[in-house]
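Colleague: My file is protein-v5.txt. It has compact mmCIF, C-alpha atoms:
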```
# COMPACT_ATOMS: atom_id res chain seq x y z
CA MET A 187 107.60 -164.25 -16.68
CA LYS A 188 105.71 -161.90 -19.00
CA LYS A 189 102.37 -162.98 -17.50
CA GLN A 190 103.67 -162.23 -13.99
CA LEU A 191 104.85 -158.82 -15.16
CA VAL A 192 101.46 -158.09 -16.67
CA ALA A 193 99.76 -159.16 -13.45
CA VAL A 194 102.04 -157.07 -11.26
CA LEU A 195 101.68 -154.08 -13.55
CA ALA A 196 97.92 -154.48 -13.61
CA ILE A 197 97.72 -154.75 -9.81
CA SER A 198 99.80 -151.63 -9.31
CA LEU A 199 97.75 -149.83 -11.90
CA LEU A 200 94.56 -150.92 -10.19
CA ALA A 201 96.00 -149.70 -6.92
CA THR A 202 96.58 -146.25 -8.35
CA GLY A 203 93.18 -146.54 -9.98
CA SER A 204 93.20 -143.82 -12.56
CA ALA A 205 95.90 -145.43 -14.69
CA PHE A 206 93.41 -148.05 -15.79
CA ALA A 207 91.96 -145.44 -18.09
CA ASN A 208 95.11 -145.71 -20.16
CA LYS A 209 94.80 -149.46 -20.62
CA LYS A 210 92.79 -150.95 -23.43
CA ALA A 211 90.31 -153.69 -22.57
CA THR A 212 92.03 -155.92 -25.10
CA ASP A 213 95.40 -155.66 -23.30
CA THR A 214 94.52 -158.49 -20.90
CA THR A 215 92.63 -161.76 -21.22
CA PRO A 216 89.63 -162.69 -19.09
CA GLU A 217 91.76 -165.26 -17.22
CA GLU A 218 94.37 -162.61 -16.41
CA ASP A 219 91.67 -160.16 -15.35
CA LEU A 220 90.11 -162.72 -13.01
CA LYS A 221 93.42 -163.30 -11.24
CA VAL A 222 94.22 -159.58 -10.95
CA TYR A 223 90.74 -158.85 -9.64
CA ARG A 224 90.84 -161.59 -7.01
CA ASP A 225 94.35 -160.70 -5.88
CA TYR A 226 93.40 -157.04 -5.56
CA PHE A 227 90.37 -157.63 -3.36
CA MET A 228 91.88 -160.40 -1.26
CA LYS A 229 94.78 -158.03 -0.59
CA LYS A 230 92.50 -155.08 0.13
CA PHE A 231 90.42 -157.09 2.59
CA PRO A 232 92.79 -159.58 4.21
CA GLY A 233 91.27 -162.47 6.08
CA VAL A 234 88.03 -162.48 4.08
CA PRO A 235 87.63 -165.88 2.37
CA LEU A 236 86.87 -165.69 -1.36
CA ASN A 237 83.36 -167.08 -1.03
CA GLU A 238 82.45 -164.64 1.74
CA PHE A 239 82.56 -161.81 -0.81
CA GLN A 240 79.11 -163.04 -1.87
CA ASN A 241 77.79 -161.06 1.10
CA GLY A 242 79.08 -157.71 -0.10
CA VAL A 243 79.44 -155.10 2.61
CA TYR A 244 78.57 -157.64 5.28
CA ALA A 245 81.78 -159.52 4.51
CA ILE A 246 83.90 -156.49 5.30
CA ASP A 247 82.05 -154.52 8.01
CA LYS A 248 81.21 -156.08 11.37
CA VAL A 249 78.61 -153.56 12.53
CA SER A 250 76.40 -153.83 9.48
CA ARG A 251 76.94 -157.58 9.44
CA ASP A 252 75.33 -157.89 12.87
CA SER A 253 72.21 -156.06 11.67
CA TRP A 254 72.16 -158.11 8.49
CA GLU A 255 72.43 -161.40 10.39
CA ALA A 256 69.47 -160.35 12.53
CA ILE A 257 67.41 -159.64 9.42
CA GLU A 258 68.43 -162.96 7.83
CA GLU A 259 66.63 -164.81 10.66
CA PHE A 260 63.38 -163.72 9.03
CA PRO A 261 64.46 -162.53 5.63
CA PRO A 262 62.13 -159.98 4.03
CA TYR A 263 62.39 -161.85 0.72
CA GLU A 264 61.01 -165.11 2.11
CA PRO A 265 57.34 -164.50 1.14
CA MET A 266 58.49 -163.63 -2.38
CA ILE A 267 60.29 -166.95 -2.78
CA GLU A 268 57.02 -168.69 -1.98
CA GLU A 269 55.16 -166.50 -4.47
CA GLY A 270 57.80 -167.38 -7.05
CA GLU A 271 57.31 -171.08 -6.41
CA GLU A 272 53.58 -170.68 -7.03
CA MET A 273 54.35 -168.86 -10.27
CA TRP A 274 56.70 -171.66 -11.30
CA ASN A 275 54.07 -174.31 -10.71
CA LYS A 276 51.08 -172.47 -12.15
CA PRO A 277 50.40 -173.49 -15.77
CA PHE A 278 50.19 -170.90 -18.51
CA ALA A 279 46.93 -170.46 -20.39
CA ASN A 280 48.10 -173.11 -22.85
CA GLY A 281 48.63 -175.66 -20.08
CA LYS A 282 52.42 -175.67 -20.12
CA THR A 283 54.62 -174.49 -17.26
CA TYR A 284 58.09 -172.95 -16.94
CA SER A 285 59.41 -176.53 -16.68
CA SER A 286 58.78 -176.94 -20.39
CA CYS A 287 61.42 -174.25 -21.05
CA PHE A 288 63.69 -175.28 -18.18
CA PRO A 289 63.34 -179.08 -18.13
CA ASP A 290 66.09 -179.53 -15.57
CA GLY A 291 64.26 -177.38 -13.07
CA PRO A 292 64.37 -173.91 -11.53
CA ALA A 293 68.01 -174.05 -10.35
CA GLN A 294 69.29 -172.18 -13.39
CA ARG A 295 71.57 -169.50 -11.94
CA LYS A 296 74.83 -171.28 -12.85
CA ASN A 297 73.84 -171.17 -16.52
CA TYR A 298 73.54 -167.39 -16.83
CA PRO A 299 74.73 -164.99 -18.09
CA ARG A 300 76.16 -166.88 -21.02
CA TRP A 301 77.24 -166.24 -24.54
CA ASP A 302 74.79 -167.46 -27.15
CA ALA A 303 77.00 -168.14 -30.18
CA LYS A 304 74.08 -168.61 -32.55
CA ARG A 305 72.34 -165.36 -31.63
CA LYS A 306 75.71 -163.62 -31.09
CA MET A 307 74.64 -162.04 -27.83
CA VAL A 308 74.84 -162.41 -24.08
CA VAL A 309 71.69 -164.02 -22.73
CA THR A 310 70.57 -163.53 -19.13
CA LEU A 311 68.15 -165.44 -16.93
CA PRO A 312 65.42 -162.76 -16.90
CA MET A 313 65.59 -162.78 -20.71
CA MET A 314 65.02 -166.52 -20.76
CA VAL A 315 62.12 -166.25 -18.34
CA ASN A 316 60.34 -163.74 -20.55
CA GLU A 317 61.16 -165.65 -23.73
CA CYS A 318 59.58 -168.69 -22.09
CA ARG A 319 56.47 -166.67 -21.36
CA GLU A 320 56.23 -165.25 -24.87
CA LYS A 321 56.85 -168.66 -26.45
CA ASN A 322 53.82 -169.89 -24.52
CA GLY A 323 51.51 -167.02 -25.37
CA GLU A 324 51.96 -165.06 -22.14
CA LYS A 325 52.81 -161.37 -21.83
CA PRO A 326 56.41 -160.67 -20.83
CA LEU A 327 57.02 -159.30 -17.34
CA LYS A 328 58.60 -155.93 -16.59
CA TRP A 329 62.35 -156.29 -16.12
CA ALA A 330 63.25 -154.33 -13.03
CA LYS A 331 60.69 -155.08 -10.32
CA GLY A 332 57.39 -156.77 -9.59
CA PRO A 333 56.37 -160.31 -10.61
CA ILE A 334 59.62 -161.10 -12.42
CA THR A 335 61.48 -160.70 -9.14
CA ARG A 336 59.22 -163.34 -7.57
CA ILE A 337 60.04 -166.05 -10.06
CA LEU A 338 63.70 -164.98 -10.14
CA SER A 339 63.93 -165.20 -6.34
CA TYR A 340 62.49 -168.71 -6.39
CA MET A 341 64.98 -169.73 -9.08
CA ALA A 342 67.80 -167.99 -7.21
CA TYR A 343 66.86 -169.70 -3.96
CA GLU A 344 66.83 -173.11 -5.62
CA SER A 345 70.23 -172.31 -7.15
CA ARG A 346 71.89 -171.45 -3.86
CA GLY A 347 75.30 -173.06 -3.57
CA GLN A 348 75.91 -173.26 -7.29
CA LYS A 349 79.25 -171.75 -8.22
CA THR A 350 79.48 -168.80 -10.60
CA HIS A 351 80.94 -170.13 -13.83
CA VAL A 352 80.79 -167.66 -16.70
CA VAL A 353 82.63 -168.85 -19.79
CA ILE A 354 84.06 -166.69 -22.55
CA PRO A 355 84.38 -169.36 -25.23
CA LYS A 356 87.91 -169.54 -26.58
CA GLY A 357 88.22 -168.61 -30.23
CA ASP A 358 84.92 -166.74 -30.26
CA ALA A 359 85.89 -163.17 -31.10
CA ASP A 360 82.35 -161.88 -30.66
CA ALA A 361 82.09 -163.30 -27.16
CA LEU A 362 85.41 -161.73 -26.20
CA ALA A 363 84.25 -158.44 -27.72
CA ALA A 364 81.11 -158.53 -25.56
CA TYR A 365 83.21 -159.25 -22.46
CA ASN A 366 85.58 -156.39 -23.33
CA ASP A 367 82.63 -154.11 -24.01
CA GLY A 368 81.39 -154.82 -20.49
CA LYS A 369 84.88 -154.29 -19.12
CA SER A 370 85.30 -150.96 -20.91
CA PHE A 371 81.93 -149.80 -19.63
CA TYR A 372 82.90 -150.77 -16.10
CA PHE A 373 86.09 -148.70 -16.09
CA ALA A 374 84.86 -145.74 -18.14
CA ARG A 375 83.88 -142.58 -16.30
CA ARG A 376 80.38 -141.28 -16.93
CA GLY A 377 77.78 -138.82 -15.76
CA GLN A 378 77.98 -135.35 -14.28
CA LEU A 379 79.86 -136.77 -11.31
CA ASN A 380 82.31 -138.40 -13.72
CA PHE A 381 82.62 -141.69 -11.83
CA SER A 382 83.13 -145.12 -13.25
CA CYS A 383 81.80 -148.28 -11.63
CA ALA A 384 85.42 -148.93 -10.62
CA SER A 385 85.74 -145.54 -8.92
CA CYS A 386 83.44 -146.74 -6.15
CA HIS A 387 83.55 -150.51 -6.22
CA VAL A 388 87.22 -151.10 -6.97
CA GLU A 389 89.20 -148.05 -5.85
CA SER A 390 86.96 -147.03 -2.95
CA ALA A 391 85.50 -150.38 -1.90
CA GLY A 392 85.14 -150.45 1.86
CA GLN A 393 85.11 -146.68 2.16
CA HIS A 394 82.11 -144.58 3.08
CA ILE A 395 79.91 -142.68 0.69
CA ARG A 396 77.84 -140.56 3.04
CA THR A 397 76.51 -143.13 5.50
CA ASP A 398 76.85 -146.17 3.26
CA ILE A 399 79.85 -148.39 2.77
CA LEU A 400 80.82 -149.17 -0.82
CA SER A 401 80.71 -152.88 -1.54
CA PRO A 402 83.58 -154.54 -3.38
CA ALA A 403 82.93 -155.54 -6.98
CA LEU A 404 84.09 -159.08 -6.23
CA GLY A 405 80.99 -161.11 -5.42
CA GLN A 406 78.53 -158.39 -6.39
CA THR A 407 76.55 -160.50 -8.82
CA THR A 408 75.82 -163.55 -6.66
CA GLY A 409 72.88 -162.40 -4.55
CA TRP A 410 70.35 -161.22 -7.11
CA PRO A 411 67.47 -160.47 -7.02
CA VAL A 412 68.03 -158.28 -3.97
CA TYR A 413 65.56 -157.04 -1.36
CA ARG A 414 66.94 -153.59 -0.83
CA SER A 415 65.66 -151.81 2.27
CA LYS A 416 65.86 -148.60 0.28
CA TRP A 417 63.44 -150.02 -2.28
CA GLY A 418 61.30 -151.77 0.30
CA GLU A 419 61.03 -154.55 -2.26
CA LEU A 420 62.96 -156.84 -4.56
CA GLY A 421 64.83 -155.56 -7.58
CA THR A 422 66.92 -157.07 -10.34
CA LEU A 423 70.58 -156.52 -11.17
CA HIS A 424 69.74 -154.32 -14.12
CA ARG A 425 67.51 -152.22 -11.90
CA ARG A 426 70.58 -151.53 -9.78
CA PHE A 427 72.73 -150.81 -12.86
CA LYS A 428 70.16 -148.15 -13.80
CA GLY A 429 70.16 -146.75 -10.28
CA CYS A 430 73.95 -146.60 -10.08
CA ASN A 431 74.13 -144.80 -13.42
CA LYS A 432 71.46 -142.33 -12.30
CA GLN A 433 73.34 -141.76 -9.05
CA VAL A 434 76.38 -140.45 -10.94
CA ARG A 435 73.93 -138.42 -13.05
CA ALA A 436 74.48 -140.42 -16.18
CA LYS A 437 71.59 -141.37 -18.45
CA PRO A 438 70.81 -145.00 -17.68
CA PHE A 439 70.14 -147.73 -20.23
CA LYS A 440 66.94 -149.76 -20.19
CA PRO A 441 67.13 -153.05 -18.27
CA GLN A 442 68.34 -155.91 -20.48
CA HIS A 443 69.81 -153.44 -22.99
CA ARG A 444 72.85 -154.92 -24.73
CA GLN A 445 75.18 -152.63 -22.78
CA TYR A 446 73.89 -153.89 -19.44
CA ARG A 447 73.97 -157.50 -20.60
CA ASN A 448 77.61 -157.12 -21.64
CA LEU A 449 78.31 -155.43 -18.33
CA GLU A 450 76.65 -158.33 -16.50
CA TYR A 451 78.75 -160.77 -18.55
CA PHE A 452 81.99 -159.05 -17.51
CA LEU A 453 80.97 -158.44 -13.91
CA THR A 454 79.69 -161.96 -13.28
CA HIS A 455 82.84 -163.51 -14.78
CA MET A 456 84.83 -161.67 -12.13
CA SER A 457 82.95 -163.59 -9.45
CA ASN A 458 83.69 -167.00 -10.97
CA GLY A 459 84.10 -169.57 -8.24
CA ILE A 460 81.90 -167.71 -5.75
CA GLU A 461 78.59 -169.37 -4.81
CA TYR A 462 75.25 -167.93 -5.76
CA ASN A 463 73.29 -166.85 -2.68
CA GLY A 464 70.18 -165.16 -3.97
CA PRO A 465 67.80 -163.77 -3.16
CA SER A 466 69.54 -161.60 -0.61
CA ALA A 467 68.83 -158.62 1.62
CA ARG A 468 70.78 -155.40 1.47
CA LYS A 469 70.50 -151.94 2.96
CA MET B 1232 43.78 -174.44 4.19
CA ALA B 1233 44.80 -170.81 3.61
CA LYS B 1234 48.45 -169.94 4.02
CA SER B 1235 49.23 -168.15 7.26
CA SER B 1236 50.43 -164.56 7.08
CA ILE B 1237 52.52 -165.08 10.20
CA LYS B 1238 55.98 -166.62 10.40
CA ILE B 1239 57.00 -167.04 14.00
CA ARG B 1240 59.93 -168.37 15.96
CA ALA B 1241 60.45 -168.42 19.71
CA LYS B 1242 63.57 -169.28 21.67
CA GLU B 1243 64.04 -169.46 25.42
CA LYS B 1244 67.36 -168.80 27.12
CA GLY B 1245 68.03 -168.06 30.78
CA GLY B 1246 64.35 -167.70 31.54
CA VAL B 1247 63.81 -165.11 28.82
CA THR B 1248 61.83 -166.03 25.71
CA THR B 1249 62.64 -164.10 22.56
CA VAL B 1250 59.96 -164.11 19.88
CA LYS B 1251 60.64 -163.05 16.31
CA THR B 1252 57.88 -162.76 13.77
CA LEU B 1253 57.40 -161.62 10.19
CA ILE B 1254 53.82 -160.81 9.24
CA THR B 1255 52.77 -160.48 5.61
CA HIS B 1256 50.41 -157.52 5.33
CA PRO B 1257 50.17 -154.59 2.89
CA MET B 1258 50.00 -151.96 5.68
CA GLU B 1259 48.46 -149.39 3.33
CA THR B 1260 48.40 -145.93 4.84
CA GLY B 1261 45.38 -144.79 2.86
CA LEU B 1262 47.37 -141.90 1.47
CA ARG B 1263 48.83 -143.59 -1.61
CA LYS B 1264 47.18 -143.17 -4.99
CA ASN B 1265 46.62 -145.86 -7.57
CA LYS B 1266 48.91 -144.81 -10.43
CA LYS B 1267 46.49 -145.93 -13.10
CA THR B 1268 43.18 -144.63 -11.75
CA GLY B 1269 44.42 -141.71 -9.65
CA LYS B 1270 42.17 -142.83 -6.79
CA LEU B 1271 43.36 -143.23 -3.22
CA ILE B 1272 44.21 -146.79 -2.17
CA PRO B 1273 42.11 -147.34 0.95
CA ALA B 1274 43.85 -147.68 4.30
CA HIS B 1275 44.48 -151.30 5.22
CA PHE B 1276 46.78 -151.86 8.16
CA ILE B 1277 47.17 -153.97 11.27
CA GLU B 1278 45.82 -152.19 14.32
CA GLU B 1279 46.75 -154.63 17.07
CA VAL B 1280 49.17 -157.52 17.47
CA THR B 1281 48.79 -159.74 20.54
CA CYS B 1282 50.84 -162.60 21.86
CA GLU B 1283 49.54 -165.04 24.45
CA ALA B 1284 51.48 -167.58 26.46
CA GLY B 1285 49.92 -169.90 28.98
CA GLY B 1286 46.57 -168.18 28.41
CA LYS B 1287 47.97 -164.81 29.45
CA LYS B 1288 48.66 -161.79 27.24
CA VAL B 1289 52.42 -161.25 27.28
CA PHE B 1290 52.70 -158.70 24.48
CA VAL B 1291 50.35 -156.20 22.86
CA ALA B 1292 51.32 -153.78 20.10
CA GLU B 1293 49.10 -151.05 18.73
CA MET B 1294 50.06 -150.19 15.19
CA SER B 1295 49.03 -147.64 12.62
CA GLY B 1296 49.66 -146.92 8.95
CA GLY B 1297 53.04 -145.64 10.06
CA VAL B 1298 54.36 -149.19 10.16
CA SER B 1299 55.82 -150.47 6.90
CA LYS B 1300 54.59 -153.32 4.75
CA ASN B 1301 55.28 -156.83 6.06
CA PRO B 1302 56.09 -155.81 9.62
CA TYR B 1303 58.84 -157.60 11.48
CA LEU B 1304 58.58 -157.74 15.26
CA SER B 1305 60.88 -159.01 17.92
CA PHE B 1306 60.11 -159.00 21.63
CA LYS B 1307 61.07 -160.74 24.87
CA PHE B 1308 59.10 -161.92 27.87
CA THR B 1309 59.66 -164.04 30.96
CA GLY B 1310 57.64 -166.71 32.64
CA ALA B 1311 57.56 -169.40 29.96
CA GLY B 1312 59.77 -172.38 29.23
CA LYS B 1313 60.88 -174.62 26.39
CA GLY B 1314 58.03 -176.60 24.87
CA ASP B 1315 55.37 -174.07 25.93
CA GLU B 1316 53.08 -172.84 23.22
CA ILE B 1317 52.62 -169.21 22.28
CA LYS B 1318 49.92 -167.74 20.08
CA LEU B 1319 50.37 -164.59 18.01
CA SER B 1320 47.38 -162.86 16.45
CA TRP B 1321 46.63 -159.64 14.66
CA VAL B 1322 43.56 -157.61 13.78
CA ASP B 1323 43.41 -154.96 11.09
CA ASN B 1324 41.26 -151.93 10.42
CA LYS B 1325 39.08 -153.80 7.95
CA GLY B 1326 38.25 -156.47 10.49
CA GLY B 1327 40.67 -158.96 9.00
CA SER B 1328 42.69 -161.13 11.33
CA ASP B 1329 45.01 -164.09 11.53
CA SER B 1330 46.85 -166.02 14.18
CA ALA B 1331 49.58 -168.59 14.46
CA THR B 1332 51.01 -170.75 17.18
CA ALA B 1333 54.53 -171.90 17.83
CA LYS B 1334 56.35 -173.95 20.42
CA ILE B 1335 59.16 -172.29 22.32
CA ARG B 1336 62.45 -173.96 21.49
```
Will you turn the file into structure tokens for me?

Modeller:
Amino acid sequence: MKKQLVAVLAISLLATGSAFANKKATDTTPEEDLKVYRDYFMKKFPGVPLNEFQNGVYAIDKVSRDSWEAIEEFPPYEPMIEEGEEMWNKPFANGKTYSSCFPDGPAQRKNYPRWDAKRKMVVTLPMMVNECREKNGEKPLKWAKGPITRILSYMAYESRGQKTHVVIPKGDADALAAYNDGKSFYFARRGQLNFSCASCHVESAGQHIRTDILSPALGQTTGWPVYRSKWGELGTLHRRFKGCNKQVRAKPFKPQHRQYRNLEYFLTHMSNGIEYNGPSARK
Amino acid sequence: MAKSSIKIRAKEKGGVTTVKTLITHPMETGLRKNKKTGKLIPAHFIEEVTCEAGGKKVFVAEMSGGVSKNPYLSFKFTGAGKGDEIKLSWVDNKGGSDSATAKIR
């Protein structure tokens, strides 16, 4: 009964939006959050199956979906997947390949982000790619764009169909703290424009911001790396975090900074159950 | 064998063949500067794209640096049927070229 009350209260609070500022991240568990989140978006966009949220705006707007489907016939990210495959197969100077770090192959998306209990931090896939490189005497790649997006798009492509499954290990207070840190960041207002991530992607999802439609937060993490028409190239999730922060005139963090990794941990957990579909194309 | 820069697909329906193609090409305008050296990156763009079907030119496009990197083209023509072969080729301002063939489905 209490759990239902919490859920109902949380949904109504989400609906009013601003009241979330009065809730502490620790008031609800990740499992409760996941249910509230899903219920909110499924109610806001009736008739959209859960998995379809992986397509962002194209799940909720017919006109842009038609353009997107036309682009998907010859996706702009296709050549980059092939480049990524070449990168995967090409040995490092020491003769080893990425397979030595990822023995079960490139389809790694379902494993990240995850809590590393030994290192007491959230680890992400780009982190593991660069650690693999450094372990084998290669220079790490830049985080936001360029060659890292090639290998990430190959790994994402191979991972298509895997279900998002982020785990916050029970009994691990540090893991829960990282999740709640990401959650607090998501709902906190920032920048000159004083918006939180939730202002646009929870409260105003589906509404217009100038000529763009705001995508719902549910399913936002499945399609990375993304070929964004605006960028004219591929970019990583943390590149977009930076961009979003800059857009509300807040000082962004560096890609793979702890704050963004905790944010990714929280945000990806909310899409649990939704299939990975990277790389993807967006406006 | 070098990898082709052209991905091409052709479908025929009701007598009309629709061709869609994605060409990998830098399409440099010649106006961008190399961030490290400060020098201009020389212009390198496709000048002409041609499509032939049944030995006849069915589509010609003249392009310039105004077209973005990795151009995507889609066009329709009549007079061909399923199983016919089409050939798409391009030439750029440096004399580079490539072509690819596809069967109409």

Colleague: Please measure the separation of atom CA of Thr214 of chain A and atom CA of Lys428 of chain A, giving the value in Å to one decimal.

Modeller: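 Result for atom CA of Thr214 of chain A versus atom CA of Lys428 of chain A: 27.4 Å, one decimal.
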
Colleague: Hey, list the chain A side of the contact with chain B: 10 Å cut-off, all atoms listed in the file, answer as a list in words.

Modeller: Ala256, Ile257, Glu259, Phe260, Pro261, Pro262, Glu264, Pro265, Gly418 and Glu419 of chain A

Colleague: Would you mind reading off the distance between atom CA of Lys304 of chain A and atom CA of Phe427 of chain A, one decimal, in Å?

Modeller: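 Distance reported for this atom pair: 26.6 Å.
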
Colleague: From the list A:Val315, A:Met456, A:Val412, A:Ala303, which residue is nearest Lys469 of chain A when using only C-alpha atoms?

Modeller: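 Ranking A:Val315, A:Met456, A:Val412, A:Ala303 by distance to Lys469 of chain A, first place goes to A:Val412.
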
Colleague: Given the choices A:Thr350, A:Thr407, A:Gln294, A:Asn280, which gets closest to Lys321 of chain A if the distance is worked out from all atoms listed in the file?

Modeller: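 Nearest candidate to Lys321 of chain A out of A:Thr350, A:Thr407, A:Gln294, A:Asn280: A:Asn280.
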
Colleague: With only C-alpha atoms as the counted atoms, please give the residues lying no more than 7 Å from Ala1284 of chain B, apart from itself and same-chain residues fewer than 5 positions off, as a VMD selection string.

Modeller: chain B and resid 1289 1316 to 1318

Colleague: List the spatial neighbours of segment 339-348 of chain A as a list in words - criterion: any atom at most 7 Å away, all atoms listed in the file, same-chain residues fewer than 4 positions off excluded.

Modeller: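 My list of contacting residues is Met266, Ile267, Gly270, Glu271, Pro292, Ala293, Gln294, Arg295, Lys296, Thr335, Pro411, Glu461, Tyr462, Asn463, Gly464 and Pro465 of chain A.
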
Colleague: Which is closer to Ala1311 of chain B than all the others in B:Val1280, B:Ile1335, B:Leu1262, B:Met1294, using all atoms listed in the file?

Modeller: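 For Ala1311 of chain B, the nearest of the candidates is B:Ile1335.
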
Colleague: Could you work out how far atom CA of Val353 of chain A lies from atom CA of Met307 of chain A, giving the answer in Å with one decimal?

Modeller: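 So the two atoms, atom CA of Met307 of chain A and atom CA of Val353 of chain A, lie 13.2 Å apart.
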
Colleague: Check the smallest atom-to-atom distance from each of B:Thr1260, B:Trp1321, B:Ile1237, B:Lys1266 to Ala1333 of chain B using all atoms listed in the file, then report the winner.

Modeller: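 Of all the options, B:Ile1237 lies closest to Ala1333 of chain B.
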
Colleague: Counting only C-alpha atoms, figure out which residue out of B:Thr1249, B:Met1258, B:Gly1326, B:Asn1265 gets nearest to Phe1290 of chain B.

Modeller: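 Looking at the shortest contact to Phe1290 of chain B, the residue is B:Thr1249.
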
Colleague: Can you rebuild segment 294-309 of chain A with N, CA and C atoms and give it as a PDB file, in the coordinates of the input?

Modeller:
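Now in rebuild13.pdb:
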```pdb
ATOM      1  N   GLN A 294      68.666-172.543 -12.121  1.00  0.00           N
ATOM      2  CA  GLN A 294      69.290-172.180 -13.390  1.00  0.00           C
ATOM      3  C   GLN A 294      70.422-171.170 -13.275  1.00  0.00           C
ATOM      4  N   ARG A 295      70.668-170.646 -12.052  1.00  0.00           N
ATOM      5  CA  ARG A 295      71.570-169.500 -11.940  1.00  0.00           C
ATOM      6  C   ARG A 295      72.950-169.762 -12.541  1.00  0.00           C
ATOM      7  N   LYS A 296      73.454-171.012 -12.374  1.00  0.00           N
ATOM      8  CA  LYS A 296      74.830-171.280 -12.850  1.00  0.00           C
ATOM      9  C   LYS A 296      74.937-171.165 -14.370  1.00  0.00           C
ATOM     10  N   ASN A 297      73.788-171.181 -15.055  1.00  0.00           N
ATOM     11  CA  ASN A 297      73.840-171.170 -16.520  1.00  0.00           C
ATOM     12  C   ASN A 297      73.839-169.774 -17.138  1.00  0.00           C
ATOM     13  N   TYR A 298      73.668-168.738 -16.265  1.00  0.00           N
ATOM     14  CA  TYR A 298      73.540-167.390 -16.830  1.00  0.00           C
ATOM     15  C   TYR A 298      74.388-166.388 -16.072  1.00  0.00           C
ATOM     16  N   PRO A 299      74.881-165.294 -16.671  1.00  0.00           N
ATOM     17  CA  PRO A 299      74.730-164.990 -18.090  1.00  0.00           C
ATOM     18  C   PRO A 299      75.660-165.862 -18.928  1.00  0.00           C
ATOM     19  N   ARG A 300      75.283-166.110 -20.154  1.00  0.00           N
ATOM     20  CA  ARG A 300      76.160-166.880 -21.020  1.00  0.00           C
ATOM     21  C   ARG A 300      76.115-166.332 -22.416  1.00  0.00           C
ATOM     22  N   TRP A 301      77.145-166.683 -23.155  1.00  0.00           N
ATOM     23  CA  TRP A 301      77.240-166.240 -24.540  1.00  0.00           C
ATOM     24  C   TRP A 301      76.469-167.192 -25.430  1.00  0.00           C
ATOM     25  N   ASP A 302      75.531-166.649 -26.189  1.00  0.00           N
ATOM     26  CA  ASP A 302      74.790-167.460 -27.150  1.00  0.00           C
ATOM     27  C   ASP A 302      75.454-167.267 -28.507  1.00  0.00           C
ATOM     28  N   ALA A 303      76.202-168.292 -28.948  1.00  0.00           N
ATOM     29  CA  ALA A 303      77.000-168.140 -30.180  1.00  0.00           C
ATOM     30  C   ALA A 303      76.121-168.000 -31.412  1.00  0.00           C
ATOM     31  N   LYS A 304      74.953-168.661 -31.370  1.00  0.00           N
ATOM     32  CA  LYS A 304      74.080-168.610 -32.550  1.00  0.00           C
ATOM     33  C   LYS A 304      73.472-167.217 -32.701  1.00  0.00           C
ATOM     34  N   ARG A 305      72.981-166.670 -31.576  1.00  0.00           N
ATOM     35  CA  ARG A 305      72.340-165.360 -31.630  1.00  0.00           C
ATOM     36  C   ARG A 305      73.356-164.227 -31.525  1.00  0.00           C
ATOM     37  N   LYS A 306      74.623-164.588 -31.243  1.00  0.00           N
ATOM     38  CA  LYS A 306      75.710-163.620 -31.090  1.00  0.00           C
ATOM     39  C   LYS A 306      75.360-162.541 -30.073  1.00  0.00           C
ATOM     40  N   MET A 307      74.930-163.001 -28.888  1.00  0.00           N
ATOM     41  CA  MET A 307      74.640-162.040 -27.830  1.00  0.00           C
ATOM     42  C   MET A 307      74.749-162.727 -26.473  1.00  0.00           C
ATOM     43  N   VAL A 308      74.868-161.887 -25.445  1.00  0.00           N
ATOM     44  CA  VAL A 308      74.840-162.410 -24.080  1.00  0.00           C
ATOM     45  C   VAL A 308      73.383-162.612 -23.700  1.00  0.00           C
ATOM     46  N   VAL A 309      73.052-163.802 -23.215  1.00  0.00           N
ATOM     47  CA  VAL A 309      71.690-164.020 -22.730  1.00  0.00           C
ATOM     48  C   VAL A 309      71.698-164.138 -21.210  1.00  0.00           C
TER      49      VAL A 309
END
```
